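Structure file model.cif (mmCIF, C-alpha atoms, pLDDT in the B column; chains and numbers go by the auth columns) is printed below.
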data_start
#
loop_
_atom_site.group_PDB
_atom_site.id
_atom_site.type_symbol
_atom_site.label_atom_id
_atom_site.label_comp_id
_atom_site.label_asym_id
_atom_site.label_seq_id
_atom_site.Cartn_x
_atom_site.Cartn_y
_atom_site.Cartn_z
_atom_site.B_iso_or_equiv
_atom_site.auth_seq_id
_atom_site.auth_asym_id
ATOM 1 C CA MET A 1 11.564 -16.436 7.099 89.00 1 A
ATOM 2 C CA LEU A 2 10.420 -16.037 3.493 96.00 2 A
ATOM 3 C CA THR A 3 8.303 -13.105 2.351 98.00 3 A
ATOM 4 C CA GLU A 4 6.835 -13.114 -1.136 99.00 4 A
ATOM 5 C CA ILE A 5 5.581 -9.910 -2.744 99.00 5 A
ATOM 6 C CA ARG A 6 3.682 -9.452 -5.993 98.00 6 A
ATOM 7 C CA TRP A 7 3.623 -5.979 -7.583 98.00 7 A
ATOM 8 C CA HIS A 8 0.885 -4.951 -10.046 96.00 8 A
ATOM 9 C CA GLY A 9 1.115 -1.838 -12.165 94.00 9 A
ATOM 10 C CA ARG A 10 1.186 -0.567 -15.703 90.00 10 A
ATOM 11 C CA GLY A 11 4.170 0.057 -17.931 86.00 11 A
ATOM 12 C CA GLY A 12 5.766 3.374 -17.004 83.00 12 A
ATOM 13 C CA GLN A 13 4.681 3.383 -13.350 88.00 13 A
ATOM 14 C CA GLY A 14 7.866 1.717 -12.152 90.00 14 A
ATOM 15 C CA ALA A 15 6.686 -1.672 -10.839 94.00 15 A
ATOM 16 C CA VAL A 16 9.868 -3.420 -11.982 94.00 16 A
ATOM 17 C CA THR A 17 12.087 -0.712 -10.496 96.00 17 A
ATOM 18 C CA ALA A 18 10.054 -0.896 -7.267 98.00 18 A
ATOM 19 C CA ALA A 19 10.733 -4.622 -6.994 98.00 19 A
ATOM 20 C CA GLU A 20 14.437 -4.079 -7.736 98.00 20 A
ATOM 21 C CA LEU A 21 14.752 -1.301 -5.138 98.00 21 A
ATOM 22 C CA THR A 22 12.893 -3.404 -2.573 99.00 22 A
ATOM 23 C CA ALA A 23 15.297 -6.284 -3.175 98.00 23 A
ATOM 24 C CA TYR A 24 18.304 -3.978 -2.856 98.00 24 A
ATOM 25 C CA ALA A 25 16.932 -2.412 0.350 98.00 25 A
ATOM 26 C CA SER A 26 16.492 -5.936 1.749 98.00 26 A
ATOM 27 C CA VAL A 27 20.075 -6.872 0.878 98.00 27 A
ATOM 28 C CA ILE A 28 21.255 -3.706 2.639 97.00 28 A
ATOM 29 C CA ARG A 29 19.474 -5.050 5.744 95.00 29 A
ATOM 30 C CA GLY A 30 21.464 -8.273 5.485 97.00 30 A
ATOM 31 C CA LEU A 31 18.767 -10.430 3.904 98.00 31 A
ATOM 32 C CA TYR A 32 18.705 -12.402 0.682 98.00 32 A
ATOM 33 C CA ALA A 33 16.376 -11.025 -1.968 98.00 33 A
ATOM 34 C CA ILE A 34 15.503 -11.356 -5.619 98.00 34 A
ATOM 35 C CA ALA A 35 13.358 -9.280 -7.946 98.00 35 A
ATOM 36 C CA PHE A 36 12.042 -10.344 -11.316 95.00 36 A
ATOM 37 C CA PRO A 37 9.399 -9.070 -13.743 92.00 37 A
ATOM 38 C CA GLU A 38 6.698 -10.671 -15.831 86.00 38 A
ATOM 39 C CA PHE A 39 5.578 -8.726 -18.873 71.00 39 A
ATOM 40 C CA GLY A 40 2.626 -8.975 -21.204 64.00 40 A
ATOM 41 C CA ALA A 41 2.738 -6.655 -24.185 60.00 41 A
ATOM 42 C CA GLU A 42 5.787 -4.501 -23.539 61.00 42 A
ATOM 43 C CA ARG A 43 4.423 -0.997 -23.931 65.00 43 A
ATOM 44 C CA ARG A 44 3.629 1.966 -21.738 68.00 44 A
ATOM 45 C CA GLY A 45 0.299 1.447 -20.014 74.00 45 A
ATOM 46 C CA ALA A 46 0.215 -2.341 -20.416 82.00 46 A
ATOM 47 C CA PRO A 47 -0.189 -4.437 -17.244 87.00 47 A
ATOM 48 C CA VAL A 48 3.105 -5.351 -15.583 91.00 48 A
ATOM 49 C CA THR A 49 3.682 -7.801 -12.749 94.00 49 A
ATOM 50 C CA ALA A 50 6.912 -7.944 -10.770 96.00 50 A
ATOM 51 C CA TYR A 51 7.922 -10.149 -7.879 98.00 51 A
ATOM 52 C CA ASN A 52 10.118 -10.169 -4.778 98.00 52 A
ATOM 53 C CA ARG A 53 11.259 -12.982 -2.605 99.00 53 A
ATOM 54 C CA ILE A 54 12.985 -11.863 0.597 98.00 54 A
ATOM 55 C CA SER A 55 14.509 -14.380 2.980 98.00 55 A
ATOM 56 C CA THR A 56 17.040 -15.077 5.688 98.00 56 A
ATOM 57 C CA LYS A 57 18.273 -17.958 3.487 98.00 57 A
ATOM 58 C CA VAL A 58 19.599 -18.160 -0.076 97.00 58 A
ATOM 59 C CA ILE A 59 16.758 -18.062 -2.617 97.00 59 A
ATOM 60 C CA TYR A 60 16.766 -20.429 -5.579 94.00 60 A
ATOM 61 C CA ASP A 61 13.106 -20.292 -6.639 94.00 61 A
ATOM 62 C CA ARG A 62 12.496 -17.851 -9.489 91.00 62 A
ATOM 63 C CA SER A 63 9.029 -19.005 -10.450 93.00 63 A
ATOM 64 C CA PRO A 64 6.114 -16.542 -10.524 92.00 64 A
ATOM 65 C CA ILE A 65 4.558 -16.029 -7.107 96.00 65 A
ATOM 66 C CA GLU A 66 1.059 -17.486 -6.986 95.00 66 A
ATOM 67 C CA ASN A 67 0.376 -17.143 -3.241 98.00 67 A
ATOM 68 C CA PRO A 68 2.099 -13.978 -2.028 98.00 68 A
ATOM 69 C CA ASP A 69 2.210 -12.640 1.497 98.00 69 A
ATOM 70 C CA ILE A 70 1.844 -9.105 0.127 98.00 70 A
ATOM 71 C CA VAL A 71 0.291 -7.608 -3.011 98.00 71 A
ATOM 72 C CA VAL A 72 1.227 -4.033 -3.944 98.00 72 A
ATOM 73 C CA ILE A 73 -1.085 -2.284 -6.424 97.00 73 A
ATOM 74 C CA LEU A 74 0.470 0.733 -8.140 96.00 74 A
ATOM 75 C CA ASP A 75 -2.411 1.539 -10.494 93.00 75 A
ATOM 76 C CA PRO A 76 -5.759 2.540 -8.950 90.00 76 A
ATOM 77 C CA SER A 77 -7.651 0.979 -11.876 90.00 77 A
ATOM 78 C CA MET A 78 -6.307 -2.416 -10.785 92.00 78 A
ATOM 79 C CA VAL A 79 -7.887 -2.301 -7.321 88.00 79 A
ATOM 80 C CA ASN A 80 -10.057 -5.433 -7.481 85.00 80 A
ATOM 81 C CA LEU A 81 -10.265 -8.993 -6.210 85.00 81 A
ATOM 82 C CA GLU A 82 -8.644 -10.448 -9.338 87.00 82 A
ATOM 83 C CA THR A 83 -5.437 -8.541 -8.594 91.00 83 A
ATOM 84 C CA VAL A 84 -5.193 -10.093 -5.132 93.00 84 A
ATOM 85 C CA ARG A 85 -5.922 -13.615 -6.420 93.00 85 A
ATOM 86 C CA GLY A 86 -3.930 -16.124 -4.379 96.00 86 A
ATOM 87 C CA LEU A 87 -3.001 -13.673 -1.614 96.00 87 A
ATOM 88 C CA LYS A 88 -2.622 -15.558 1.641 96.00 88 A
ATOM 89 C CA GLU A 89 -5.389 -15.114 4.197 92.00 89 A
ATOM 90 C CA GLY A 90 -4.344 -12.261 6.495 93.00 90 A
ATOM 91 C CA GLY A 91 -1.844 -11.012 3.910 96.00 91 A
ATOM 92 C CA TYR A 92 -1.326 -7.368 3.084 97.00 92 A
ATOM 93 C CA VAL A 93 -2.769 -5.426 0.166 96.00 93 A
ATOM 94 C CA VAL A 94 -0.874 -2.136 -0.271 97.00 94 A
ATOM 95 C CA VAL A 95 -2.869 0.153 -2.549 96.00 95 A
ATOM 96 C CA ASN A 96 -2.348 3.420 -4.422 96.00 96 A
ATOM 97 C CA THR A 97 -5.818 4.902 -4.160 92.00 97 A
ATOM 98 C CA VAL A 98 -7.977 7.838 -3.151 89.00 98 A
ATOM 99 C CA LYS A 99 -10.539 5.389 -1.734 81.00 99 A
ATOM 100 C CA LYS A 100 -10.973 5.231 2.021 77.00 100 A
ATOM 101 C CA ASP A 101 -11.677 2.487 4.557 70.00 101 A
ATOM 102 C CA PRO A 102 -15.344 1.730 3.763 79.00 102 A
ATOM 103 C CA GLU A 103 -14.778 1.501 0.004 81.00 103 A
ATOM 104 C CA LEU A 104 -11.689 -0.685 0.381 82.00 104 A
ATOM 105 C CA LYS A 105 -13.442 -2.894 2.937 80.00 105 A
ATOM 106 C CA ALA A 106 -16.268 -3.362 0.413 83.00 106 A
ATOM 107 C CA ILE A 107 -13.726 -4.574 -2.161 85.00 107 A
ATOM 108 C CA PHE A 108 -11.381 -6.656 -0.002 84.00 108 A
ATOM 109 C CA GLY A 109 -13.556 -7.580 2.981 79.00 109 A
ATOM 110 C CA GLU A 110 -11.950 -8.771 6.184 84.00 110 A
ATOM 111 C CA ARG A 111 -9.691 -11.444 4.653 88.00 111 A
ATOM 112 C CA TYR A 112 -6.704 -9.127 4.159 92.00 112 A
ATOM 113 C CA ARG A 113 -4.933 -6.303 5.927 94.00 113 A
ATOM 114 C CA VAL A 114 -5.210 -3.254 3.690 94.00 114 A
ATOM 115 C CA ALA A 115 -2.845 -0.272 3.601 95.00 115 A
ATOM 116 C CA TYR A 116 -3.406 2.683 1.335 95.00 116 A
ATOM 117 C CA VAL A 117 -1.893 5.964 0.242 97.00 117 A
ATOM 118 C CA ASN A 118 -2.617 8.380 -2.591 97.00 118 A
ATOM 119 C CA ALA A 119 0.769 7.792 -4.224 97.00 119 A
ATOM 120 C CA THR A 120 -0.349 9.415 -7.478 96.00 120 A
ATOM 121 C CA ALA A 121 -1.045 12.747 -5.760 97.00 121 A
ATOM 122 C CA ILE A 122 2.311 12.637 -3.967 98.00 122 A
ATOM 123 C CA ALA A 123 4.203 11.800 -7.182 96.00 123 A
ATOM 124 C CA MET A 124 2.403 14.526 -9.144 97.00 124 A
ATOM 125 C CA GLU A 125 3.194 17.058 -6.421 97.00 125 A
ATOM 126 C CA VAL A 126 6.924 16.253 -6.399 97.00 126 A
ATOM 127 C CA PHE A 127 7.755 14.839 -9.857 96.00 127 A
ATOM 128 C CA ARG A 128 4.893 16.345 -11.885 95.00 128 A
ATOM 129 C CA LEU A 129 4.575 12.789 -13.269 92.00 129 A
ATOM 130 C CA PRO A 130 2.539 9.791 -12.045 91.00 130 A
ATOM 131 C CA ILE A 131 5.595 7.663 -11.267 92.00 131 A
ATOM 132 C CA VAL A 132 4.448 6.056 -8.041 96.00 132 A
ATOM 133 C CA ASN A 133 6.991 3.296 -7.439 96.00 133 A
ATOM 134 C CA THR A 134 9.029 4.818 -4.615 98.00 134 A
ATOM 135 C CA ALA A 135 5.883 6.081 -2.876 98.00 135 A
ATOM 136 C CA MET A 136 4.544 2.539 -2.917 98.00 136 A
ATOM 137 C CA ILE A 137 7.786 1.104 -1.533 98.00 137 A
ATOM 138 C CA ALA A 138 7.401 3.588 1.329 99.00 138 A
ATOM 139 C CA ALA A 139 3.791 2.467 1.827 98.00 139 A
ATOM 140 C CA LEU A 140 4.982 -1.148 1.853 98.00 140 A
ATOM 141 C CA ALA A 141 7.531 -0.264 4.545 98.00 141 A
ATOM 142 C CA ALA A 142 5.052 1.724 6.631 98.00 142 A
ATOM 143 C CA ALA A 143 2.417 -1.017 6.526 98.00 143 A
ATOM 144 C CA THR A 144 4.460 -4.190 6.837 97.00 144 A
ATOM 145 C CA GLY A 145 7.983 -3.404 8.029 96.00 145 A
ATOM 146 C CA VAL A 146 9.329 -5.901 5.475 96.00 146 A
ATOM 147 C CA VAL A 147 11.776 -3.155 4.436 97.00 147 A
ATOM 148 C CA ASP A 148 12.739 -0.103 6.458 96.00 148 A
ATOM 149 C CA LEU A 149 12.894 3.563 5.569 97.00 149 A
ATOM 150 C CA ASP A 150 16.674 3.934 5.928 97.00 150 A
ATOM 151 C CA SER A 151 17.388 0.960 3.653 98.00 151 A
ATOM 152 C CA ILE A 152 14.959 2.254 1.029 98.00 152 A
ATOM 153 C CA LEU A 153 16.614 5.668 1.056 98.00 153 A
ATOM 154 C CA GLU A 154 20.066 4.082 0.774 98.00 154 A
ATOM 155 C CA ALA A 155 18.904 1.953 -2.181 98.00 155 A
ATOM 156 C CA VAL A 156 17.451 5.020 -3.917 98.00 156 A
ATOM 157 C CA ARG A 157 20.670 7.008 -3.401 98.00 157 A
ATOM 158 C CA ALA A 158 22.682 4.137 -4.884 97.00 158 A
ATOM 159 C CA ARG A 159 20.392 3.788 -7.913 97.00 159 A
ATOM 160 C CA PHE A 160 19.681 7.385 -8.961 97.00 160 A
ATOM 161 C CA SER A 161 21.554 10.632 -9.524 97.00 161 A
ATOM 162 C CA ALA A 162 21.692 13.011 -6.552 97.00 162 A
ATOM 163 C CA ARG A 163 18.894 15.205 -7.972 97.00 163 A
ATOM 164 C CA VAL A 164 16.559 12.301 -8.738 97.00 164 A
ATOM 165 C CA ALA A 165 17.376 10.623 -5.413 98.00 165 A
ATOM 166 C CA SER A 166 16.531 13.857 -3.581 98.00 166 A
ATOM 167 C CA LEU A 167 13.119 14.068 -5.265 98.00 167 A
ATOM 168 C CA ASN A 168 12.468 10.409 -4.500 98.00 168 A
ATOM 169 C CA GLU A 169 13.429 10.972 -0.876 98.00 169 A
ATOM 170 C CA GLN A 170 10.705 13.634 -0.629 98.00 170 A
ATOM 171 C CA VAL A 171 8.171 11.227 -2.124 98.00 171 A
ATOM 172 C CA ILE A 172 9.257 8.362 0.130 98.00 172 A
ATOM 173 C CA ARG A 173 9.113 10.353 3.358 98.00 173 A
ATOM 174 C CA ARG A 174 5.709 11.819 2.500 98.00 174 A
ATOM 175 C CA ALA A 175 4.194 8.475 1.470 98.00 175 A
ATOM 176 C CA TYR A 176 5.615 6.786 4.572 98.00 176 A
ATOM 177 C CA GLU A 177 3.922 9.392 6.787 98.00 177 A
ATOM 178 C CA LEU A 178 0.592 9.325 4.925 97.00 178 A
ATOM 179 C CA THR A 179 0.120 5.565 4.582 97.00 179 A
ATOM 180 C CA GLU A 180 -2.922 4.347 6.488 94.00 180 A
ATOM 181 C CA VAL A 181 -3.526 0.752 7.540 92.00 181 A
ATOM 182 C CA MET A 182 -7.029 -0.651 8.057 85.00 182 A
#

This structure in structure tokens:
Amino acid sequence: MLTEIRWHGRGGQGAVTAAELTAYASVIRGLYAIAFPEFGAERRGAPVTAYNRISTKVIYDRSPIENPDIVVILDPSMVNLETVRGLKEGGYVVVNTVKKDPELKAIFGERYRVAYVNATAIAMEVFRLPIVNTAMIAALAAATGVVDLDSILEAVRARFSARVASLNEQVIRRAYELTEVM
């Protein structure tokens, strides 16, 4: 089993950290995983792409992922067909958006399975900042099962201080519950 994930966001939203936490949560589950970023201009707000490979076998390939199984879109302004370029037929698109089924179907059609959550609203409610990475990891888990809730929470507790981990736990649980799959 090999699952390839491509994360799209903007600098400051936490796409790289999301990929790292997803890899760590996968390792906690007993899998092999890697996370690596690809940057354009390194500044807040600039497009950022990060990648995960998760497998039952050792992973040697560190090349950018052209044909992912899953695309996760952290920034609502990036919800378009170009962002999902190369996504395998029947793959998942996990989206941070306020759009609903008909609007997302109009964008992505029937080729992909689409999951969505308003991660920005959840992050603003808890953090008072639009840092959506952990909400989107929860949406990824809810939609695909590629990582599980307990492993995500364990990874977050290992990475952050108790206070920050507690806030992230609130975000994760809420996003997990509110994620909808079309």

Hits of the PyMOL selection byres ((chain A and resi 153) around 12) in this structure, as a ChimeraX atom specification
/A:21-22,24-26,28,134-135,137-138,141,147-152,154-160,162,164-173,176

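What the PyMOL selection byres ((chain A and resi 11) around 9) picks from this file is Gly9, Arg10, Gly12, Gln13, Gly14, Ala15, Val16, Phe39, Glu42, Arg43, Arg44, Gly45, Ala46, Pro47 and Val48 of chain A.
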
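Among A:Thr120, A:Asn96, A:Ser161, A:Ser55, the residue with the shortest atom-to-atom distance to A:Val71, counting only C-alpha atoms, is A:Asn96.
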
List the spatial neighbours of stretch 109-111 of chain A as a ChimeraX atom specification - criterion: any atom at most 8 Å away, all atoms listed in the file, same-chain residues fewer than 6 positions off excluded.
/A:89-91

As an exercise, work out the distance from atom CA of A:Leu140 to atom CA of A:Val126 in Å and give it to one decimal place.
19.4 Å

Taking the point (5.3, -17.0, -8.9) as given in the file, collect each protein or nucleic acid residue that comes within 10 Å of it, counting only C-alpha atoms, and present the set as a list in words.
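Collected hits near the coordinates: Glu4, Ile5, Arg6, Phe36, Glu38, Ala50, Tyr51, Asn52, Arg53, Asp61, Arg62, Ser63, Pro64, Ile65, Glu66, Asn67 and Pro68 of chain A.
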
For atom CA of A:Met1 and atom CA of A:Val94, determine how far apart the two atoms are, in Å to one decimal place.
20.3 Å

Which polymer residues have any atom within 12 Å of an atom of A:Asn80, counting all atoms listed in the file, with same-chain residues fewer than 2 positions away left out, as an mmCIF file with C-alpha atoms, in the coordinates of the input?
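Result went into part02.cif, see below:
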data_model
loop_
_atom_site.group_PDB
_atom_site.id
_atom_site.type_symbol
_atom_site.label_atom_id
_atom_site.label_comp_id
_atom_site.auth_asym_id
_atom_site.auth_seq_id
_atom_site.Cartn_x
_atom_site.Cartn_y
_atom_site.Cartn_z
ATOM 1 C CA HIS A 8 0.885 -4.951 -10.046
ATOM 2 C CA VAL A 71 0.291 -7.608 -3.011
ATOM 3 C CA VAL A 72 1.227 -4.033 -3.944
ATOM 4 C CA ILE A 73 -1.085 -2.284 -6.424
ATOM 5 C CA ASP A 75 -2.411 1.539 -10.494
ATOM 6 C CA PRO A 76 -5.759 2.540 -8.950
ATOM 7 C CA SER A 77 -7.651 0.979 -11.876
ATOM 8 C CA MET A 78 -6.307 -2.416 -10.785
ATOM 9 C CA GLU A 82 -8.644 -10.448 -9.338
ATOM 10 C CA THR A 83 -5.437 -8.541 -8.594
ATOM 11 C CA VAL A 84 -5.193 -10.093 -5.132
ATOM 12 C CA ARG A 85 -5.922 -13.615 -6.420
ATOM 13 C CA VAL A 93 -2.769 -5.426 0.166
ATOM 14 C CA VAL A 95 -2.869 0.153 -2.549
ATOM 15 C CA THR A 97 -5.818 4.902 -4.160
ATOM 16 C CA GLU A 103 -14.778 1.501 0.004
ATOM 17 C CA LEU A 104 -11.689 -0.685 0.381
ATOM 18 C CA LYS A 105 -13.442 -2.894 2.937
ATOM 19 C CA ALA A 106 -16.268 -3.362 0.413
ATOM 20 C CA ILE A 107 -13.726 -4.574 -2.161
ATOM 21 C CA PHE A 108 -11.381 -6.656 -0.002
ATOM 22 C CA GLY A 109 -13.556 -7.580 2.981
#

To box stretch 147-161 of chain A, take all atoms listed in the file, fit an axis-aligned box, add 5 Å on each side, and give centre and edge lengths in Å to one decimal, as lines of an AutoDock Vina configuration file.
center_x = 17.2
center_y = 3.7
center_z = -1.5
size_x = 20.9
size_y = 23.8
size_z = 26.0

Nearest residue to A:Lys57 out of A:Leu2, A:Trp7, A:Thr17, A:Val79, using all atoms listed in the file?
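Counting all atoms listed in the file, the residue closest to A:Lys57 is A:Leu2.
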
For atom CA of A:Ala35 and atom CA of A:Ala23, the interatomic separation in Å (one decimal)
6.0 Å

Counting only C-alpha atoms, which residues have an atom no more than 9 Å from (0.9, 8.8, -7.8) in the file's coordinates? Please list them as a list in words.
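It turns out the residues near that spot are Gln13, Leu74, Asp75, Asn96, Thr97, Val117, Asn118, Ala119, Thr120, Ala121, Ile122, Ala123, Met124, Glu125, Leu129, Pro130, Ile131, Val132, Asn133, Ala135 and Met136 of chain A.
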
What would the file look like if the residues just selected were written as a PDB file, in the coordinates of the input with C-alpha atoms?
ATOM      1  CA  GLN A  13       4.681   3.383 -13.350  1.00 88.00           C
ATOM      2  CA  LEU A  74       0.470   0.733  -8.140  1.00 96.00           C
ATOM      3  CA  ASP A  75      -2.411   1.539 -10.494  1.00 93.00           C
ATOM      4  CA  ASN A  96      -2.348   3.420  -4.422  1.00 96.00           C
ATOM      5  CA  THR A  97      -5.818   4.902  -4.160  1.00 92.00           C
ATOM      6  CA  VAL A 117      -1.893   5.964   0.242  1.00 97.00           C
ATOM      7  CA  ASN A 118      -2.617   8.380  -2.591  1.00 97.00           C
ATOM      8  CA  ALA A 119       0.769   7.792  -4.224  1.00 97.00           C
ATOM      9  CA  THR A 120      -0.349   9.415  -7.478  1.00 96.00           C
ATOM     10  CA  ALA A 121      -1.045  12.747  -5.760  1.00 97.00           C
ATOM     11  CA  ILE A 122       2.311  12.637  -3.967  1.00 98.00           C
ATOM     12  CA  ALA A 123       4.203  11.800  -7.182  1.00 96.00           C
ATOM     13  CA  MET A 124       2.403  14.526  -9.144  1.00 97.00           C
ATOM     14  CA  GLU A 125       3.194  17.058  -6.421  1.00 97.00           C
ATOM     15  CA  LEU A 129       4.575  12.789 -13.269  1.00 92.00           C
ATOM     16  CA  PRO A 130       2.539   9.791 -12.045  1.00 91.00           C
ATOM     17  CA  ILE A 131       5.595   7.663 -11.267  1.00 92.00           C
ATOM     18  CA  VAL A 132       4.448   6.056  -8.041  1.00 96.00           C
ATOM     19  CA  ASN A 133       6.991   3.296  -7.439  1.00 96.00           C
ATOM     20  CA  ALA A 135       5.883   6.081  -2.876  1.00 98.00           C
ATOM     21  CA  MET A 136       4.544   2.539  -2.917  1.00 98.00           C
TER      22      MET A 136
END

For A:Glu180, the nearest of the candidates A:Tyr32, A:Tyr60, A:Tyr92, A:Tyr116, counting all atoms listed in the file:
A:Tyr116

For each of A:Ile54, A:Ala18, A:Leu178, A:Ala115, take the minimum atom-to-atom distance to A:Ile34, counting all atoms listed in the file, then give the residue where this is smallest.
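With all atoms listed in the file as the atom set, the closest residue is A:Ile54.
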